[in-house]
Amino acid sequence: MKIVIGISGASGAALGLKLVHALPSDVQKHLILSDNANIVLEKEDNLTLHKNDEIWASVASGSYGADAMIITPCSMNTLAKIACGIADNLITRAASVMIKERRTLVLAPREIPFSPIALENMHKLSMMGVIIAPPVLAYYGEQEDLESMENFMIGKWFDLLGIKNDLYKRWSDHNA
């Protein structure tokens with residue numbers, strides 16, 4: 001499986017990196033960082049790091065065949081560009097390709113509260129099949145610390161991307 005991960009904006013970027021590190025080793029990972037992310041990573045096994053201005057990179061083509069893409073965190077600027085079809089950097093171009101190819105695209109907007117403009121953009125994208133999945137906590141999993149809360153959110157994102165995981169306690173008849 002090939003997954004594209006975009007990290008835009010600075011707030012919440014650590015959660016995006018945690019997601020990258022939690023991906024199974026057999027998943028081919030392509031990481032795109034926006035200029036504002038300001039994150040330095042060492043090259044890891046099965047991780048291809050792309051600069052956001054490398055619009056010619058493999059993940060900018062539908063023929064490359066990425067299976068899914070997630071942008072976490074997704075800034076309101078990036079969300080708006082995707083909603084309006086503006087593909088002026090590698091993150092927005094790769095997202096555009098996912099929509100065009102009708103492949104799984106998950107956006108994790110990190111903002112509170114959402115403005116009417118952001119909600120309109122999310123609605124527009126949702127109607128195109130884009131999955132809007134902000135980092136929202138659940139309380140049935142008995143998360144007791146920040147790490148278990150983050151694992152819950154990452155596990156839910158993995159579920160949306162079709163990646164098996166046991167990062168959180170799932171609902172069962174025993175929860176009642």
# chains A, B, ... in the order shown; residues from 1 in each chain; ligands from 1

$ residues_around --residues "stretch 87-97 of chain A" --least-positions-apart "2" --cutoff "7 Å" --atoms "only C-alpha atoms" --output "ChimeraX atom specification"
/A:6,32,52-55,59-62,78,81-82,85,99-101,105

$ write_last_selection --atoms "all heavy atoms" --output "compact mmCIF listing (two decimals), in the first residue's frame"
# COMPACT_ATOMS: atom_id res chain seq x y z
N GLY A 6 0.39 14.52 4.11
CA GLY A 6 0.71 15.94 4.03
C GLY A 6 0.62 16.55 5.41
O GLY A 6 -0.30 16.25 6.16
N ILE A 32 4.92 14.86 2.72
CA ILE A 32 5.07 16.20 2.14
C ILE A 32 4.89 17.19 3.28
O ILE A 32 3.88 17.17 3.98
CB ILE A 32 4.00 16.49 1.06
CG1 ILE A 32 3.96 15.40 0.00
CG2 ILE A 32 4.26 17.86 0.43
CD1 ILE A 32 2.74 15.48 -0.90
N ASN A 52 7.61 20.67 -0.43
CA ASN A 52 6.30 21.11 -0.90
C ASN A 52 6.36 21.85 -2.23
O ASN A 52 5.36 21.96 -2.92
CB ASN A 52 5.63 21.98 0.17
CG ASN A 52 4.13 22.01 0.02
OD1 ASN A 52 3.53 21.07 -0.46
ND2 ASN A 52 3.52 23.09 0.46
N ASP A 53 7.55 22.33 -2.64
CA ASP A 53 7.64 23.01 -3.92
C ASP A 53 8.03 22.07 -5.07
O ASP A 53 8.16 22.49 -6.21
CB ASP A 53 8.63 24.19 -3.85
CG ASP A 53 10.06 23.77 -3.55
OD1 ASP A 53 10.31 22.58 -3.26
OD2 ASP A 53 10.95 24.64 -3.60
N GLU A 54 8.18 20.78 -4.78
CA GLU A 54 8.54 19.80 -5.80
C GLU A 54 7.28 19.28 -6.50
O GLU A 54 6.91 18.12 -6.40
CB GLU A 54 9.32 18.63 -5.18
CG GLU A 54 10.68 19.04 -4.66
CD GLU A 54 11.41 17.90 -3.96
OE1 GLU A 54 10.79 16.87 -3.61
OE2 GLU A 54 12.63 18.06 -3.76
N ILE A 55 6.64 20.17 -7.23
CA ILE A 55 5.36 19.88 -7.87
C ILE A 55 5.47 18.74 -8.89
O ILE A 55 4.48 18.14 -9.27
CB ILE A 55 4.78 21.17 -8.50
CG1 ILE A 55 3.28 21.04 -8.73
CG2 ILE A 55 5.52 21.59 -9.72
CD1 ILE A 55 2.45 21.17 -7.51
N VAL A 59 4.17 11.72 -6.52
CA VAL A 59 2.82 11.73 -5.94
C VAL A 59 1.92 12.79 -6.57
O VAL A 59 0.72 12.83 -6.28
CB VAL A 59 2.86 11.91 -4.41
CG1 VAL A 59 3.57 10.72 -3.76
CG2 VAL A 59 3.54 13.22 -4.02
N ALA A 60 2.46 13.61 -7.46
CA ALA A 60 1.67 14.62 -8.17
C ALA A 60 1.05 14.07 -9.44
O ALA A 60 0.40 14.80 -10.18
CB ALA A 60 2.54 15.84 -8.50
N SER A 61 1.21 12.77 -9.67
CA SER A 61 0.68 12.15 -10.88
C SER A 61 -0.30 11.04 -10.52
O SER A 61 -0.03 10.21 -9.65
CB SER A 61 1.81 11.57 -11.72
OG SER A 61 1.29 10.82 -12.79
N GLY A 62 -1.42 11.02 -11.21
CA GLY A 62 -2.39 9.95 -11.02
C GLY A 62 -1.84 8.59 -11.41
O GLY A 62 -2.23 7.57 -10.84
N THR A 78 -4.88 25.38 3.39
CA THR A 78 -4.74 24.20 2.54
C THR A 78 -6.12 23.64 2.18
O THR A 78 -6.38 23.29 1.03
CB THR A 78 -3.89 23.13 3.24
OG1 THR A 78 -2.57 23.68 3.45
CG2 THR A 78 -3.78 21.86 2.43
N LYS A 81 -7.69 25.85 -0.48
CA LYS A 81 -7.08 25.65 -1.79
C LYS A 81 -7.59 24.36 -2.43
O LYS A 81 -7.92 24.34 -3.62
CB LYS A 81 -5.55 25.59 -1.66
CG LYS A 81 -4.91 26.94 -1.44
CD LYS A 81 -3.40 26.79 -1.36
CE LYS A 81 -2.71 28.13 -1.23
NZ LYS A 81 -1.23 27.96 -1.26
N ILE A 82 -7.66 23.28 -1.66
CA ILE A 82 -8.14 22.01 -2.20
C ILE A 82 -9.59 22.15 -2.66
O ILE A 82 -9.96 21.71 -3.74
CB ILE A 82 -7.97 20.88 -1.17
CG1 ILE A 82 -6.48 20.65 -0.88
CG2 ILE A 82 -8.64 19.60 -1.66
CD1 ILE A 82 -6.22 19.78 0.35
N GLY A 85 -9.74 23.94 -5.93
CA GLY A 85 -8.97 23.38 -7.02
C GLY A 85 -7.64 24.06 -7.26
O GLY A 85 -7.08 23.95 -8.36
N ILE A 99 -8.50 13.36 -5.54
CA ILE A 99 -9.90 13.64 -5.89
C ILE A 99 -10.18 13.22 -7.33
O ILE A 99 -11.17 12.55 -7.62
CB ILE A 99 -10.23 15.13 -5.66
CG1 ILE A 99 -10.17 15.46 -4.16
CG2 ILE A 99 -11.60 15.48 -6.23
CD1 ILE A 99 -10.21 16.95 -3.86
N LYS A 100 -9.29 13.61 -8.25
CA LYS A 100 -9.45 13.30 -9.67
C LYS A 100 -9.51 11.80 -9.91
O LYS A 100 -10.33 11.32 -10.69
CB LYS A 100 -8.28 13.92 -10.43
CG LYS A 100 -8.13 13.49 -11.88
CD LYS A 100 -6.94 14.16 -12.54
CE LYS A 100 -5.63 13.53 -12.24
NZ LYS A 100 -5.29 12.32 -13.00
N GLU A 101 -8.68 11.05 -9.20
CA GLU A 101 -8.60 9.61 -9.38
C GLU A 101 -9.62 8.86 -8.51
O GLU A 101 -9.66 7.64 -8.51
CB GLU A 101 -7.18 9.11 -9.05
CG GLU A 101 -6.11 9.68 -9.94
CD GLU A 101 -6.17 9.16 -11.37
OE1 GLU A 101 -6.62 8.01 -11.59
OE2 GLU A 101 -5.77 9.92 -12.29
N LEU A 105 -9.07 10.32 0.24
CA LEU A 105 -8.41 11.53 0.73
C LEU A 105 -9.05 11.89 2.06
O LEU A 105 -10.27 12.09 2.13
CB LEU A 105 -8.55 12.69 -0.25
CG LEU A 105 -8.03 14.05 0.20
CD1 LEU A 105 -6.54 14.01 0.55
CD2 LEU A 105 -8.30 15.12 -0.86

$ residues_around --residues "stretch 136-145 of chain A" --least-positions-apart "6" --cutoff "12 Å" --atoms "only C-alpha atoms" --output "list in words"
Ala108, Pro109, Arg110, Glu111, Ile112, Asn151, Phe152, Met153, Ile154, Gly155, Lys156, Trp157, Asp166, Leu167, Tyr168, Lys169, Arg170, Trp171, Ser172, Asp173, His174, Asn175 and Ala176 of chain A

$ select_by_dssp --residues "stretch 12-161 of chain A" --states "strand (DSSP E)" --output "VMD selection string"
chain A and resid 28 to 33 47 to 51 68 to 74 104 to 109 131 to 132

$ select_by_dssp --residues "stretch 23-174 of chain A" --states "helix (DSSP H, G or I)" --output "VMD selection string"
chain A and resid 35 to 37 58 to 60 62 to 64 76 to 84 90 to 100 116 to 127 146 to 161 173 to 174

$ atom_distance --atom1 "atom CA of A:Lys18" --atom2 "atom CA of A:Glu150"
8.3 Å

$ closest_residue --among "A:Ala14, A:Leu125, A:Met76, A:Ile5" --to "A:Pro113" --atoms "only C-alpha atoms"
A:Met76

$ closest_residue --among "A:Ala13, A:Ile3, A:Met128, A:Leu160" --to "A:Ser25" --atoms "only C-alpha atoms"
A:Ile3

$ decode --residues "stretch 112-162 of chain A" --atoms "C-alpha atoms" --output "PDB file, in the first residue's frame"
ATOM      1  CA  ILE A 112     -11.656  25.615  16.705  1.00  0.00           C
ATOM      2  CA  PRO A 113     -14.194  26.946  16.105  1.00  0.00           C
ATOM      3  CA  PHE A 114     -14.704  26.431  12.387  1.00  0.00           C
ATOM      4  CA  SER A 115     -15.687  29.542  10.450  1.00  0.00           C
ATOM      5  CA  PRO A 116     -18.690  29.436   8.103  1.00  0.00           C
ATOM      6  CA  ILE A 117     -16.237  29.598   5.185  1.00  0.00           C
ATOM      7  CA  ALA A 118     -14.287  26.579   6.465  1.00  0.00           C
ATOM      8  CA  LEU A 119     -17.522  24.650   7.049  1.00  0.00           C
ATOM      9  CA  GLU A 120     -18.667  25.465   3.518  1.00  0.00           C
ATOM     10  CA  ASN A 121     -15.334  24.256   2.113  1.00  0.00           C
ATOM     11  CA  MET A 122     -15.558  21.047   4.185  1.00  0.00           C
ATOM     12  CA  HIS A 123     -19.103  20.442   2.955  1.00  0.00           C
ATOM     13  CA  LYS A 124     -18.054  20.982  -0.657  1.00  0.00           C
ATOM     14  CA  LEU A 125     -15.163  18.534  -0.300  1.00  0.00           C
ATOM     15  CA  SER A 126     -17.303  16.009   1.560  1.00  0.00           C
ATOM     16  CA  MET A 127     -19.802  16.036  -1.309  1.00  0.00           C
ATOM     17  CA  MET A 128     -16.877  15.109  -3.615  1.00  0.00           C
ATOM     18  CA  GLY A 129     -16.056  12.079  -1.453  1.00  0.00           C
ATOM     19  CA  VAL A 130     -13.264  13.629   0.623  1.00  0.00           C
ATOM     20  CA  ILE A 131     -13.359  12.403   4.224  1.00  0.00           C
ATOM     21  CA  ILE A 132     -13.300  15.227   6.772  1.00  0.00           C
ATOM     22  CA  ALA A 133     -11.955  13.793  10.029  1.00  0.00           C
ATOM     23  CA  PRO A 134     -10.726  16.406  12.496  1.00  0.00           C
ATOM     24  CA  PRO A 135      -8.850  15.167  15.559  1.00  0.00           C
ATOM     25  CA  VAL A 136     -11.862  14.625  17.824  1.00  0.00           C
ATOM     26  CA  LEU A 137     -11.699  12.623  21.032  1.00  0.00           C
ATOM     27  CA  ALA A 138     -14.011   9.822  22.090  1.00  0.00           C
ATOM     28  CA  TYR A 139     -14.538   8.912  25.688  1.00  0.00           C
ATOM     29  CA  TYR A 140     -15.644   5.281  25.478  1.00  0.00           C
ATOM     30  CA  GLY A 141     -12.054   4.144  24.917  1.00  0.00           C
ATOM     31  CA  GLU A 142     -11.056   5.173  28.433  1.00  0.00           C
ATOM     32  CA  GLN A 143      -8.120   7.261  27.274  1.00  0.00           C
ATOM     33  CA  GLU A 144      -6.167   8.337  30.338  1.00  0.00           C
ATOM     34  CA  ASP A 145      -3.357  10.431  28.909  1.00  0.00           C
ATOM     35  CA  LEU A 146      -2.367  12.455  25.841  1.00  0.00           C
ATOM     36  CA  GLU A 147      -0.647   9.495  24.187  1.00  0.00           C
ATOM     37  CA  SER A 148      -3.744   7.284  24.405  1.00  0.00           C
ATOM     38  CA  MET A 149      -5.901  10.157  23.052  1.00  0.00           C
ATOM     39  CA  GLU A 150      -3.521  10.592  20.120  1.00  0.00           C
ATOM     40  CA  ASN A 151      -3.475   6.839  19.505  1.00  0.00           C
ATOM     41  CA  PHE A 152      -7.286   6.876  19.359  1.00  0.00           C
ATOM     42  CA  MET A 153      -7.296   9.610  16.696  1.00  0.00           C
ATOM     43  CA  ILE A 154      -4.523   7.975  14.671  1.00  0.00           C
ATOM     44  CA  GLY A 155      -6.297   4.614  14.916  1.00  0.00           C
ATOM     45  CA  LYS A 156      -9.517   6.166  13.594  1.00  0.00           C
ATOM     46  CA  TRP A 157      -7.584   7.761  10.708  1.00  0.00           C
ATOM     47  CA  PHE A 158      -5.967   4.383   9.954  1.00  0.00           C
ATOM     48  CA  ASP A 159      -9.450   2.832   9.864  1.00  0.00           C
ATOM     49  CA  LEU A 160     -10.475   5.419   7.241  1.00  0.00           C
ATOM     50  CA  LEU A 161      -7.324   4.688   5.221  1.00  0.00           C
ATOM     51  CA  GLY A 162      -7.929   0.915   5.369  1.00  0.00           C
TER      52      GLY A 162
END
